[in-house]
Amino acid sequence: MSLLGLLSFPLGLHFPLPRHEAAAPPPRLSRRLLLAGVAAATPPRLSASASPDGDRAIQDAYAAFTRGDYLLSEKLWLRASEESPASALVWQNLASVLVINASDEMKLGELPRGEALRRLQRALHAAERARDLGSADALLANARGNALGLLQQWVEAHAAYEEAVRLSPRDFESIPLSNCALTSFELRQDEQAEREALRLTRRDPTFVDGFALLATLRHSRGDESGAANAFRVVCSDAQWCSRYSTDDVVLGRWTPRAVKEFRELLRSPSVQDVRAASALR
């Protein structure tokens, strides 16, 4: 199972996290899918300084990514970085695919070792190259946060996510806002984490994962009524209520402490009552 859940993960934008969509069943969530969506949401853009060979390498890298062949995509983005070293886009996407592949080699709550560690180190280097070349956007900042989160460098990860929030367009900011709350919780800054999650749900009331997180944070602070109220939003749609009935929905996406607390939330009588009431509708 891929790791952590410092969302949005990396290369571009994110695969949409749970939102109310009555016409279609919720997509299966996974760390890899979410990380992959990030890159896929960035349309192919060729740097003006890219050579013809570099252009082909970039297109090949996008094609491999679209097929879901992330290991090949990593090799091709690396080749593109050698052929077009002045392209910030190339370095940004290389950083992101490195994070995806590192995540696939990790276990929740464990520090990276071996090739996973080397990939994350190279990802941070690639992200810095992209910044040095003038890339300054929310997607890159969030990618750095993901790499730092996988390294469990929570303070630095939170700072990167805060930067991503400042730079985010409205249709992306929910991802780094969620990541801010998750990292604050990991740092045991519980009040701040709840404030960040509340801000998230107020700014994006369709972001179901945000309400599940808010419920989790409130439960951790002993606010059973507040937790039930937040989880009631999740269960306003039977499909999402079912999806959030086990920890499978957050494994590989949320931080270790948040996953543990979500399990406790699901065992709480107040949330079980909410789920039971949803099942009767």
# chains A, B, ... in the order shown; residues from 1 in each chain; ligands from 1

call {"tool": "select_by_dssp", "arguments": {"residues": "range 196-229 of chain A", "states": "alpha helix (DSSP H)", "output": "PyMOL selection string"}}
result
chain A and resi 196-203+208-220+224-229

call {"tool": "residues_around", "arguments": {"residues": "range 225-227 of chain A", "least_positions_apart": "3", "cutoff": "9 Å", "atoms": "only C-alpha atoms", "output": "mmCIF file with N, CA, C and O atoms, in the first residue's frame"}}
result
data_model
loop_
_atom_site.group_PDB
_atom_site.id
_atom_site.type_symbol
_atom_site.label_atom_id
_atom_site.label_comp_id
_atom_site.auth_asym_id
_atom_site.auth_seq_id
_atom_site.Cartn_x
_atom_site.Cartn_y
_atom_site.Cartn_z
ATOM 1 N N ALA A 212 -14.639 14.303 7.142
ATOM 2 C CA ALA A 212 -14.165 13.117 7.859
ATOM 3 C C ALA A 212 -12.957 13.469 8.724
ATOM 4 O O ALA A 212 -12.839 13.005 9.865
ATOM 5 N N LEU A 214 -12.262 16.530 9.908
ATOM 6 C CA LEU A 214 -12.737 17.384 10.997
ATOM 7 C C LEU A 214 -13.369 16.532 12.105
ATOM 8 O O LEU A 214 -13.132 16.776 13.296
ATOM 9 N N ALA A 215 -14.155 15.549 11.728
ATOM 10 C CA ALA A 215 -14.752 14.651 12.724
ATOM 11 C C ALA A 215 -13.676 13.930 13.526
ATOM 12 O O ALA A 215 -13.770 13.793 14.756
ATOM 13 N N THR A 216 -12.640 13.487 12.826
ATOM 14 C CA THR A 216 -11.541 12.779 13.481
ATOM 15 C C THR A 216 -10.823 13.679 14.480
ATOM 16 O O THR A 216 -10.518 13.270 15.615
ATOM 17 N N LEU A 217 -10.556 14.902 14.081
ATOM 18 C CA LEU A 217 -9.841 15.837 14.954
ATOM 19 C C LEU A 217 -10.683 16.199 16.181
ATOM 20 O O LEU A 217 -10.154 16.301 17.303
ATOM 21 N N ARG A 218 -11.975 16.392 15.977
ATOM 22 C CA ARG A 218 -12.850 16.702 17.107
ATOM 23 C C ARG A 218 -12.940 15.515 18.065
ATOM 24 O O ARG A 218 -12.925 15.685 19.290
ATOM 25 N N HIS A 219 -13.023 14.321 17.512
ATOM 26 C CA HIS A 219 -13.065 13.121 18.364
ATOM 27 C C HIS A 219 -11.795 13.025 19.209
ATOM 28 O O HIS A 219 -11.854 12.671 20.399
ATOM 29 N N SER A 220 -10.659 13.349 18.611
ATOM 30 C CA SER A 220 -9.394 13.239 19.338
ATOM 31 C C SER A 220 -9.353 14.186 20.528
ATOM 32 O O SER A 220 -8.634 13.950 21.501
ATOM 33 N N GLY A 222 -12.061 14.934 22.311
ATOM 34 C CA GLY A 222 -13.157 14.603 23.208
ATOM 35 C C GLY A 222 -14.474 15.275 22.879
ATOM 36 O O GLY A 222 -15.422 15.203 23.668
ATOM 37 N N ALA A 230 -19.924 16.595 12.257
ATOM 38 C CA ALA A 230 -19.091 16.609 11.059
ATOM 39 C C ALA A 230 -19.266 15.320 10.264
ATOM 40 O O ALA A 230 -19.366 15.340 9.031
ATOM 41 N N PHE A 231 -19.347 14.196 10.960
ATOM 42 C CA PHE A 231 -19.482 12.921 10.256
ATOM 43 C C PHE A 231 -20.865 12.796 9.622
ATOM 44 O O PHE A 231 -21.042 12.090 8.640
ATOM 45 N N ARG A 232 -21.832 13.498 10.164
ATOM 46 C CA ARG A 232 -23.175 13.485 9.595
ATOM 47 C C ARG A 232 -23.168 14.039 8.170
ATOM 48 O O ARG A 232 -23.954 13.609 7.323
ATOM 49 N N LEU A 265 -12.456 6.872 15.933
ATOM 50 C CA LEU A 265 -13.702 7.578 15.609
ATOM 51 C C LEU A 265 -14.777 6.599 15.148
ATOM 52 O O LEU A 265 -15.939 6.687 15.578
ATOM 53 N N SER A 270 -21.296 7.572 18.984
ATOM 54 C CA SER A 270 -21.974 8.670 18.285
ATOM 55 C C SER A 270 -21.876 8.514 16.772
ATOM 56 O O SER A 270 -22.856 8.743 16.041
ATOM 57 N N VAL A 271 -20.725 8.119 16.284
ATOM 58 C CA VAL A 271 -20.563 7.940 14.843
ATOM 59 C C VAL A 271 -21.281 6.671 14.381
ATOM 60 O O VAL A 271 -21.866 6.647 13.284
#

call {"tool": "residues_around", "arguments": {"residues": "Ser184 in chain A", "least_positions_apart": "4", "cutoff": "12 Å", "atoms": "only C-alpha atoms", "output": "PyMOL selection string"}}
result
chain A and resi 6+149+153-159+161-162+176-180+188-197+217+255+257-258

call {"tool": "atom_distance", "arguments": {"atom1": "CA of Thr66 in chain A", "atom2": "CA of Ser96 in chain A"}}
result
13.8 Å

call {"tool": "residues_around", "arguments": {"residues": "Ala126 in chain A", "least_positions_apart": "3", "cutoff": "10 Å", "atoms": "only C-alpha atoms", "output": "list in words"}}
result
Leu78, Ser81, Ala88, Val90, Trp91, Gln92, Asn93, Leu94, Ala95, Ser96, Leu98, Leu120, Gln121, Arg122, Ala123, Arg129, Ala130, Arg131, Asp132 and Arg144 of chain A

call {"tool": "write_last_selection", "arguments": {"atoms": "N, CA, C and O atoms", "output": "tab-separated table (two decimals), in the first residue's frame"}}
result
chain	number	residue	atom	x	y	z
A	78	LEU	N	13.59	11.71	-16.08
A	78	LEU	CA	15.01	11.88	-15.80
A	78	LEU	C	15.77	12.16	-17.09
A	78	LEU	O	16.63	13.06	-17.16
A	81	SER	N	15.11	15.62	-18.13
A	81	SER	CA	15.86	16.61	-17.34
A	81	SER	C	17.30	16.74	-17.82
A	81	SER	O	17.91	17.80	-17.70
A	88	ALA	N	11.83	24.18	-16.06
A	88	ALA	CA	11.30	24.03	-14.71
A	88	ALA	C	10.22	22.96	-14.66
A	88	ALA	O	10.09	22.21	-13.69
A	90	VAL	N	9.94	20.23	-16.38
A	90	VAL	CA	10.53	18.89	-16.37
A	90	VAL	C	10.97	18.52	-14.95
A	90	VAL	O	10.69	17.42	-14.46
A	91	TRP	N	11.67	19.44	-14.28
A	91	TRP	CA	12.14	19.14	-12.93
A	91	TRP	C	10.98	18.97	-11.96
A	91	TRP	O	11.00	18.11	-11.08
A	92	GLN	N	9.93	19.78	-12.13
A	92	GLN	CA	8.78	19.66	-11.25
A	92	GLN	C	8.11	18.30	-11.41
A	92	GLN	O	7.77	17.62	-10.44
A	93	ASN	N	7.93	17.85	-12.65
A	93	ASN	CA	7.27	16.58	-12.87
A	93	ASN	C	8.16	15.40	-12.49
A	93	ASN	O	7.66	14.37	-12.03
A	94	LEU	N	9.46	15.55	-12.65
A	94	LEU	CA	10.37	14.52	-12.18
A	94	LEU	C	10.25	14.38	-10.66
A	94	LEU	O	10.18	13.26	-10.13
A	95	ALA	N	10.20	15.50	-9.96
A	95	ALA	CA	10.05	15.46	-8.50
A	95	ALA	C	8.79	14.70	-8.12
A	95	ALA	O	8.78	13.85	-7.22
A	96	SER	N	7.71	14.99	-8.82
A	96	SER	CA	6.43	14.39	-8.46
A	96	SER	C	6.40	12.89	-8.69
A	96	SER	O	5.90	12.14	-7.86
A	98	LEU	N	8.89	10.89	-8.76
A	98	LEU	CA	9.78	10.28	-7.76
A	98	LEU	C	9.05	10.07	-6.44
A	98	LEU	O	9.22	9.03	-5.78
A	120	LEU	N	13.17	10.07	-2.60
A	120	LEU	CA	12.68	11.29	-1.96
A	120	LEU	C	13.76	12.37	-1.92
A	120	LEU	O	13.47	13.56	-2.08
A	121	GLN	N	14.98	11.97	-1.69
A	121	GLN	CA	16.07	12.94	-1.71
A	121	GLN	C	16.23	13.54	-3.09
A	121	GLN	O	16.43	14.76	-3.24
A	122	ARG	N	16.12	12.69	-4.12
A	122	ARG	CA	16.21	13.21	-5.49
A	122	ARG	C	15.01	14.08	-5.81
A	122	ARG	O	15.13	15.07	-6.56
A	123	ALA	N	13.85	13.75	-5.26
A	123	ALA	CA	12.65	14.56	-5.50
A	123	ALA	C	12.83	15.96	-4.94
A	123	ALA	O	12.46	16.95	-5.58
A	129	ARG	N	15.52	22.50	-8.01
A	129	ARG	CA	15.92	22.93	-9.35
A	129	ARG	C	14.78	23.66	-10.04
A	129	ARG	O	14.98	24.69	-10.69
A	130	ALA	N	13.55	23.12	-9.88
A	130	ALA	CA	12.40	23.77	-10.50
A	130	ALA	C	12.20	25.17	-9.93
A	130	ALA	O	11.92	26.12	-10.67
A	131	ARG	N	12.37	25.31	-8.62
A	131	ARG	CA	12.21	26.64	-8.00
A	131	ARG	C	13.31	27.58	-8.48
A	131	ARG	O	13.06	28.75	-8.76
A	132	ASP	N	14.53	27.08	-8.58
A	132	ASP	CA	15.63	27.91	-9.05
A	132	ASP	C	15.40	28.40	-10.48
A	132	ASP	O	15.88	29.47	-10.86
A	144	ARG	N	6.62	19.40	-2.72
A	144	ARG	CA	7.69	19.43	-1.72
A	144	ARG	C	7.14	18.98	-0.36
A	144	ARG	O	7.80	18.23	0.37

call {"tool": "closest_residue", "arguments": {"among": "A:Asp247, A:Asp137, A:Asp273, A:Glu74", "to": "Ile58 in chain A", "atoms": "only C-alpha atoms"}}
result
A:Glu74

call {"tool": "closest_atom_pairs", "arguments": {"of": "range 227-261 of chain A", "to": "range 103-117 of chain A", "cutoff": "10 Å", "atoms": "only C-alpha atoms", "output": "CSV"}}
result
residue,atom,partner,partner_atom,distance
A:Leu251,CA,A:Leu108,CA,7.8
A:Gly252,CA,A:Leu108,CA,6.8
A:Arg253,CA,A:Leu108,CA,9.3
A:Trp254,CA,A:Leu108,CA,9.1
A:Thr255,CA,A:Gly109,CA,7.7
A:Pro256,CA,A:Gly109,CA,5.3
A:Arg257,CA,A:Gly109,CA,8.5
A:Val259,CA,A:Leu108,CA,9.3

call {"tool": "closest_residue", "arguments": {"among": "A:Tyr244, A:Tyr62, A:Phe211, A:Phe262", "to": "Asn229 in chain A", "atoms": "only C-alpha atoms"}}
result
A:Phe211

call {"tool": "atom_distance", "arguments": {"atom1": "CA of Ser174 in chain A", "atom2": "CA of Arg267 in chain A"}}
result
27.1 Å

call {"tool": "decode", "arguments": {"residues": "range 47-109 of chain A", "atoms": "C-alpha atoms", "output": "PDB file, in the first residue's frame"}}
result
ATOM      1  CA  SER A  47       9.674  24.769 -22.290  1.00  0.00           C
ATOM      2  CA  ALA A  48      10.782  27.314 -24.847  1.00  0.00           C
ATOM      3  CA  SER A  49      14.341  26.307 -24.091  1.00  0.00           C
ATOM      4  CA  ALA A  50      13.732  22.600 -24.666  1.00  0.00           C
ATOM      5  CA  SER A  51      15.598  20.970 -27.509  1.00  0.00           C
ATOM      6  CA  PRO A  52      13.736  18.885 -30.112  1.00  0.00           C
ATOM      7  CA  ASP A  53      15.058  15.735 -28.447  1.00  0.00           C
ATOM      8  CA  GLY A  54      13.901  17.103 -25.104  1.00  0.00           C
ATOM      9  CA  ASP A  55      10.438  17.748 -26.522  1.00  0.00           C
ATOM     10  CA  ARG A  56      10.129  14.116 -27.538  1.00  0.00           C
ATOM     11  CA  ALA A  57      11.353  12.960 -24.141  1.00  0.00           C
ATOM     12  CA  ILE A  58       8.748  15.152 -22.452  1.00  0.00           C
ATOM     13  CA  GLN A  59       5.941  13.787 -24.599  1.00  0.00           C
ATOM     14  CA  ASP A  60       7.085  10.216 -23.977  1.00  0.00           C
ATOM     15  CA  ALA A  61       7.207  10.889 -20.234  1.00  0.00           C
ATOM     16  CA  TYR A  62       3.655  12.219 -20.250  1.00  0.00           C
ATOM     17  CA  ALA A  63       2.479   9.239 -22.283  1.00  0.00           C
ATOM     18  CA  ALA A  64       4.026   6.740 -19.845  1.00  0.00           C
ATOM     19  CA  PHE A  65       2.477   8.601 -16.933  1.00  0.00           C
ATOM     20  CA  THR A  66      -0.952   8.596 -18.548  1.00  0.00           C
ATOM     21  CA  ARG A  67      -0.686   4.820 -19.026  1.00  0.00           C
ATOM     22  CA  GLY A  68       0.091   4.441 -15.324  1.00  0.00           C
ATOM     23  CA  ASP A  69       3.638   3.224 -15.967  1.00  0.00           C
ATOM     24  CA  TYR A  70       5.213   5.381 -13.278  1.00  0.00           C
ATOM     25  CA  LEU A  71       8.574   3.635 -13.196  1.00  0.00           C
ATOM     26  CA  LEU A  72       9.033   4.185 -16.914  1.00  0.00           C
ATOM     27  CA  SER A  73       7.737   7.733 -16.532  1.00  0.00           C
ATOM     28  CA  GLU A  74      10.394   8.378 -13.897  1.00  0.00           C
ATOM     29  CA  LYS A  75      13.116   7.205 -16.272  1.00  0.00           C
ATOM     30  CA  LEU A  76      11.742   9.348 -19.074  1.00  0.00           C
ATOM     31  CA  TRP A  77      11.432  12.484 -16.906  1.00  0.00           C
ATOM     32  CA  LEU A  78      15.013  11.880 -15.802  1.00  0.00           C
ATOM     33  CA  ARG A  79      16.067  11.672 -19.438  1.00  0.00           C
ATOM     34  CA  ALA A  80      14.078  14.818 -20.184  1.00  0.00           C
ATOM     35  CA  SER A  81      15.865  16.612 -17.343  1.00  0.00           C
ATOM     36  CA  GLU A  82      19.193  15.712 -18.926  1.00  0.00           C
ATOM     37  CA  GLU A  83      18.074  16.858 -22.380  1.00  0.00           C
ATOM     38  CA  SER A  84      16.203  19.968 -21.199  1.00  0.00           C
ATOM     39  CA  PRO A  85      17.935  21.027 -17.980  1.00  0.00           C
ATOM     40  CA  ALA A  86      16.541  24.564 -18.203  1.00  0.00           C
ATOM     41  CA  SER A  87      12.908  23.405 -18.113  1.00  0.00           C
ATOM     42  CA  ALA A  88      11.302  24.027 -14.706  1.00  0.00           C
ATOM     43  CA  LEU A  89       8.321  21.915 -15.771  1.00  0.00           C
ATOM     44  CA  VAL A  90      10.529  18.891 -16.368  1.00  0.00           C
ATOM     45  CA  TRP A  91      12.142  19.144 -12.928  1.00  0.00           C
ATOM     46  CA  GLN A  92       8.777  19.657 -11.251  1.00  0.00           C
ATOM     47  CA  ASN A  93       7.271  16.577 -12.871  1.00  0.00           C
ATOM     48  CA  LEU A  94      10.374  14.519 -12.176  1.00  0.00           C
ATOM     49  CA  ALA A  95      10.052  15.457  -8.500  1.00  0.00           C
ATOM     50  CA  SER A  96       6.432  14.391  -8.463  1.00  0.00           C
ATOM     51  CA  VAL A  97       6.856  11.011 -10.095  1.00  0.00           C
ATOM     52  CA  LEU A  98       9.781  10.279  -7.764  1.00  0.00           C
ATOM     53  CA  VAL A  99       7.466  10.889  -4.803  1.00  0.00           C
ATOM     54  CA  ILE A 100       4.834   8.567  -6.281  1.00  0.00           C
ATOM     55  CA  ASN A 101       7.313   5.739  -6.750  1.00  0.00           C
ATOM     56  CA  ALA A 102       8.914   6.282  -3.338  1.00  0.00           C
ATOM     57  CA  SER A 103       5.482   6.175  -1.732  1.00  0.00           C
ATOM     58  CA  ASP A 104       4.755   2.811  -3.332  1.00  0.00           C
ATOM     59  CA  GLU A 105       7.786   1.328  -1.570  1.00  0.00           C
ATOM     60  CA  MET A 106       6.872   2.532   1.917  1.00  0.00           C
ATOM     61  CA  LYS A 107       4.733   1.422   4.836  1.00  0.00           C
ATOM     62  CA  LEU A 108       2.551   3.717   6.891  1.00  0.00           C
ATOM     63  CA  GLY A 109       4.375   5.262   9.818  1.00  0.00           C
TER      64      GLY A 109
END
